[in-house]
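Report on the structure given below.
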Amino acid sequence: MKKIKFKGERTRSTLIITAGLIVFLASICADFRIGYTLIVAAVAPMATYEFMHACGAKSKLLYFLSCAVSAFSAFYVSYDLSFKAVGVLVSFYSLLLLFLAVVFNRQIRYIDSVAALFATTAIPYSFSCFIRLNDISKLSPEKFSHHEGAFLVMLAFSCSWLTDAFAFLVGRKIGKHKMTPNISPKKSFEGAIFGTLITAAVNVLLLFCYSFATEKLGYHAFFGESAVKYFYIFLISCVLSVVSMFGDLAASVLKRNVGIKDYSNLLPGHGGIMDRFDSCLFVLPVLYGIFALIYA
């Protein structure tokens, strides 16, 4: 009975994740800014909370402050809010977290403040790269438009989730050489290699279909001309697949260090937000960084 119930919970969670993904991608493709901004502003604080909870933080004040900053970061990026000397504000925020550890030393450990600082900088920044990728035209208006941005968001999801799925399926069939037996015993080099190549091939096909669809809408300069764009996407996909696997392993290391299986039980059968987006948190900034370094 318990096994059947677990399957039902996992199915419901999968449907929720799928529906949320469809709504998010639809808002991205339609460039419905307030829609996808609100989604990022909701998901980032949940991931921040899960990370801090995994690290053992207890203070409600620290949770509130960290989640509020995480939510605000989505609006900061999406609506180009600017503050003078933003680096000074970040420094003040860092000092505030350490100050709280001193004043409320019975409730807030020093390590809790450090975890909060990491959680409210790295995690929201990674999620905000969904918005940065959708606004890729700001890097080079003459080369990119909203169409490229929407595709890059899809590419990030594809490299994060398909790599893991294909690596698992292939590794289960032919995997003989364990990649990280002490961290994730089920991962194999065979699965990693074939998972990367299959995902890259799927992304090339995705680009072909997406290019065809946008051309029907009257847009003809998607990532340049000829077949060169497919070669670039294939290479980028391979890089991102490797990054995705590293991100998944990094998240697994933390869970093993603190002795937990999942970051939370928000999505039964899948874990929490961090469990579903751990690889995305690495893929997103790397993908955005590739284009920012080339075209900024």
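In the structure tokens, the first chain shown is A, the next is B, and so on; residue numbers restart at 1 for each chain, and ligands run from 1 in the order shown.
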
Worksheet item: DSSP on the backbone: what in region 199-273 of chain A comes out alpha helix (DSSP H), as a ChimeraX atom specification?
Response: /A:199-216,228-258,273

Worksheet entry | Shell around Phe72 (chain A) at 10 Å using only C-alpha atoms, local window under 2 positions removed, as number ranges by chain | A: 40-42, 44-45, 67-70, 74-77, 124

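CA of Arg12 (chain A) to CA of Phe277 (chain A) spans 18.1 Å [interatomic distance, one decimal].
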
Practice prompt. State, in Å with one decimal place, the distance from CA of Thr196 (chain A) to CA of Ser241 (chain A).
Written response: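 These atoms are spaced 5.5 Å apart.
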
Worksheet entry | Sel. of strand (DSSP E or B) residues, region 52-244 of chain A, as a PyMOL selection string | chain A and resi 178-180+184-188

Could those selected residues go to a file with all heavy atoms, as a PDB file, in the first residue's frame?
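Heads up, here's the output in selection.pdb:
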```pdb
ATOM      1  N   LYS A 178      31.953   3.158 -12.516  1.00  0.00           N
ATOM      2  CA  LYS A 178      31.338   4.137 -11.633  1.00  0.00           C
ATOM      3  C   LYS A 178      32.115   5.450 -11.665  1.00  0.00           C
ATOM      4  O   LYS A 178      33.340   5.463 -11.586  1.00  0.00           O
ATOM      5  CB  LYS A 178      31.258   3.612 -10.206  1.00  0.00           C
ATOM      6  CG  LYS A 178      30.456   2.309 -10.076  1.00  0.00           C
ATOM      7  CD  LYS A 178      29.016   2.492 -10.525  1.00  0.00           C
ATOM      8  CE  LYS A 178      28.227   1.208 -10.370  1.00  0.00           C
ATOM      9  NZ  LYS A 178      26.818   1.349 -10.840  1.00  0.00           N
ATOM     10  N   MET A 179      31.380   6.541 -11.772  1.00  0.00           N
ATOM     11  CA  MET A 179      32.014   7.850 -11.873  1.00  0.00           C
ATOM     12  C   MET A 179      32.370   8.406 -10.495  1.00  0.00           C
ATOM     13  O   MET A 179      33.495   8.845 -10.258  1.00  0.00           O
ATOM     14  CB  MET A 179      31.096   8.823 -12.620  1.00  0.00           C
ATOM     15  CG  MET A 179      31.744  10.137 -12.983  1.00  0.00           C
ATOM     16  SD  MET A 179      30.800  11.052 -14.238  1.00  0.00           S
ATOM     17  CE  MET A 179      29.238  11.292 -13.386  1.00  0.00           C
ATOM     18  N   THR A 180      31.416   8.386  -9.590  1.00  0.00           N
ATOM     19  CA  THR A 180      31.647   8.887  -8.223  1.00  0.00           C
ATOM     20  C   THR A 180      30.970   7.934  -7.235  1.00  0.00           C
ATOM     21  O   THR A 180      29.902   8.256  -6.691  1.00  0.00           O
ATOM     22  CB  THR A 180      31.064  10.305  -8.067  1.00  0.00           C
ATOM     23  OG1 THR A 180      29.695  10.289  -8.492  1.00  0.00           O
ATOM     24  CG2 THR A 180      31.841  11.315  -8.886  1.00  0.00           C
ATOM     25  N   SER A 184      27.554   9.430  -5.632  1.00  0.00           N
ATOM     26  CA  SER A 184      26.346   8.970  -6.327  1.00  0.00           C
ATOM     27  C   SER A 184      26.672   7.649  -7.013  1.00  0.00           C
ATOM     28  O   SER A 184      27.108   7.637  -8.174  1.00  0.00           O
ATOM     29  CB  SER A 184      25.891  10.028  -7.344  1.00  0.00           C
ATOM     30  OG  SER A 184      24.663   9.665  -7.922  1.00  0.00           O
ATOM     31  N   PRO A 185      26.467   6.530  -6.328  1.00  0.00           N
ATOM     32  CA  PRO A 185      26.885   5.213  -6.832  1.00  0.00           C
ATOM     33  C   PRO A 185      26.245   4.811  -8.160  1.00  0.00           C
ATOM     34  O   PRO A 185      26.799   3.982  -8.879  1.00  0.00           O
ATOM     35  CB  PRO A 185      26.438   4.258  -5.717  1.00  0.00           C
ATOM     36  CG  PRO A 185      26.316   5.113  -4.503  1.00  0.00           C
ATOM     37  CD  PRO A 185      25.866   6.442  -4.995  1.00  0.00           C
ATOM     38  N   LYS A 186      25.101   5.375  -8.500  1.00  0.00           N
ATOM     39  CA  LYS A 186      24.407   4.972  -9.721  1.00  0.00           C
ATOM     40  C   LYS A 186      24.952   5.652 -10.977  1.00  0.00           C
ATOM     41  O   LYS A 186      24.637   5.246 -12.092  1.00  0.00           O
ATOM     42  CB  LYS A 186      22.909   5.266  -9.596  1.00  0.00           C
ATOM     43  CG  LYS A 186      22.207   4.425  -8.530  1.00  0.00           C
ATOM     44  CD  LYS A 186      20.726   4.725  -8.497  1.00  0.00           C
ATOM     45  CE  LYS A 186      20.029   3.876  -7.436  1.00  0.00           C
ATOM     46  NZ  LYS A 186      18.574   4.150  -7.379  1.00  0.00           N
ATOM     47  N   LYS A 187      25.771   6.684 -10.807  1.00  0.00           N
ATOM     48  CA  LYS A 187      26.294   7.401 -11.968  1.00  0.00           C
ATOM     49  C   LYS A 187      27.526   6.677 -12.529  1.00  0.00           C
ATOM     50  O   LYS A 187      28.426   6.291 -11.780  1.00  0.00           O
ATOM     51  CB  LYS A 187      26.659   8.839 -11.591  1.00  0.00           C
ATOM     52  CG  LYS A 187      25.447   9.742 -11.436  1.00  0.00           C
ATOM     53  CD  LYS A 187      25.858  11.157 -11.130  1.00  0.00           C
ATOM     54  CE  LYS A 187      24.693  12.113 -11.251  1.00  0.00           C
ATOM     55  NZ  LYS A 187      23.536  11.762 -10.436  1.00  0.00           N
ATOM     56  N   SER A 188      27.541   6.529 -13.854  1.00  0.00           N
ATOM     57  CA  SER A 188      28.650   5.852 -14.522  1.00  0.00           C
ATOM     58  C   SER A 188      29.208   6.731 -15.628  1.00  0.00           C
ATOM     59  O   SER A 188      28.532   7.651 -16.114  1.00  0.00           O
ATOM     60  CB  SER A 188      28.178   4.516 -15.130  1.00  0.00           C
ATOM     61  OG  SER A 188      27.241   4.744 -16.169  1.00  0.00           O
TER      62      SER A 188
END
```

Worksheet item: Looking at A:Tyr210, A:Cys55, A:Leu65, A:Asp112, which one is nearest to Leu98 (chain A), with distances taken over only C-alpha atoms?
Response: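 Under the stated criterion, the closest residue is A:Asp112.
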
Worksheet item: So which residues touch region 90-93 of chain A within 10 Å, counting only C-alpha atoms, skipping near sequence neighbours fewer than 4 positions away, as a PyMOL selection string?
Response: chain A and resi 69+85-86+97-99+117+121

Output C-alpha atoms of each residue in that selection to a file, as a PDB file, in the first residue's frame.
```pdb
ATOM      1  CA  VAL A  69      16.223  39.429  -0.337  1.00  0.00           C
ATOM      2  CA  ALA A  85      27.182  51.698  -5.193  1.00  0.00           C
ATOM      3  CA  VAL A  86      25.319  48.394  -5.191  1.00  0.00           C
ATOM      4  CA  LEU A  97      24.221  39.058   8.770  1.00  0.00           C
ATOM      5  CA  LEU A  98      27.398  38.849  10.846  1.00  0.00           C
ATOM      6  CA  PHE A  99      26.053  41.487  13.224  1.00  0.00           C
ATOM      7  CA  LEU A 117      24.963  35.042   2.736  1.00  0.00           C
ATOM      8  CA  THR A 121      23.627  35.717  -3.366  1.00  0.00           C
TER       9      THR A 121
END
```

Worksheet entry | Minimum-distance residue to His147 (chain A), chosen among A:Ile17, A:Cys129, A:Ala30, A:Ala119 (using only C-alpha atoms) |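 Of all the options, A:Ala30 lies closest to His147 (chain A).
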
Worksheet entry | Minimum-distance residue to His53 (chain A), chosen among A:Phe208, A:Phe127, A:Tyr110, A:Tyr263 (using only C-alpha atoms) | A:Tyr263

Fill in: Selection: 9 Å around region 264-267 of chain A, only C-alpha atoms, excl. self and same-chain fewer than 3 positions, as a list in words
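The residues satisfying every condition are Glu9, Arg10, Arg12, Ser13, Thr14, Ile16, Ile17, Glu50, His53, Ala54, Lys261, His270, Gly271, Gly272, Ile273, Met274 and Asp275 of chain A.
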
Item to complete: Identify which of the residues A:Phe151, A:Phe168, A:Tyr219, A:Phe189 lies closest to Leu207 (chain A), counting only C-alpha atoms when measuring atom-to-atom distances.
Response: A:Phe151

Item to complete: Name the closest residue to Ile22 (chain A) among the candidates A:Phe130, A:Tyr36, A:Tyr232, A:Tyr63; distances are taken between atoms, counting only C-alpha atoms.
Response: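 Using only C-alpha atoms, the shortest distance to Ile22 (chain A) belongs to A:Tyr36.
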
Worksheet item: Hey, what's within 12 Å of Leu162 (chain A) if we count only C-alpha atoms and toss same-chain stuff fewer than 3 positions away? As a PyMOL selection string, please?
Response: chain A and resi 154-159+165-170+191-192+194-203+237-238+240-242+244-245+279-280

Expected file: the selected residues, C-alpha atoms, as a compact mmCIF listing (two decimals), in the first residue's frame:
```txt
# COMPACT_ATOMS: atom_id res chain seq x y z
CA MET A 154 14.56 25.97 -22.94
CA LEU A 155 18.17 24.94 -23.57
CA ALA A 156 18.99 25.40 -19.88
CA PHE A 157 16.11 23.14 -18.83
CA SER A 158 17.02 20.58 -21.48
CA CYS A 159 20.67 20.32 -20.49
CA ALA A 165 17.51 11.29 -17.45
CA PHE A 166 19.52 9.92 -20.38
CA ALA A 167 22.59 9.30 -18.23
CA PHE A 168 20.48 7.28 -15.81
CA LEU A 169 18.75 5.24 -18.54
CA VAL A 170 21.96 4.46 -20.42
CA GLY A 191 25.91 7.05 -18.78
CA ALA A 192 27.57 10.46 -18.53
CA PHE A 194 26.01 8.98 -23.80
CA GLY A 195 23.73 11.23 -21.75
CA THR A 196 25.75 14.24 -22.86
CA LEU A 197 25.80 13.26 -26.55
CA ILE A 198 22.11 12.32 -26.70
CA THR A 199 21.11 15.57 -24.97
CA ALA A 200 23.25 17.58 -27.40
CA ALA A 201 21.58 15.82 -30.34
CA VAL A 202 18.12 16.52 -28.89
CA ASN A 203 19.02 20.20 -28.46
CA SER A 237 25.08 21.61 -24.94
CA CYS A 238 28.03 19.31 -24.26
CA LEU A 240 26.34 22.51 -20.11
CA SER A 241 25.67 18.79 -19.71
CA VAL A 242 29.02 18.37 -17.96
CA SER A 244 24.82 19.93 -15.03
CA MET A 245 26.31 16.67 -13.78
CA SER A 279 21.84 21.30 -11.73
CA CYS A 280 19.98 24.32 -13.17
```
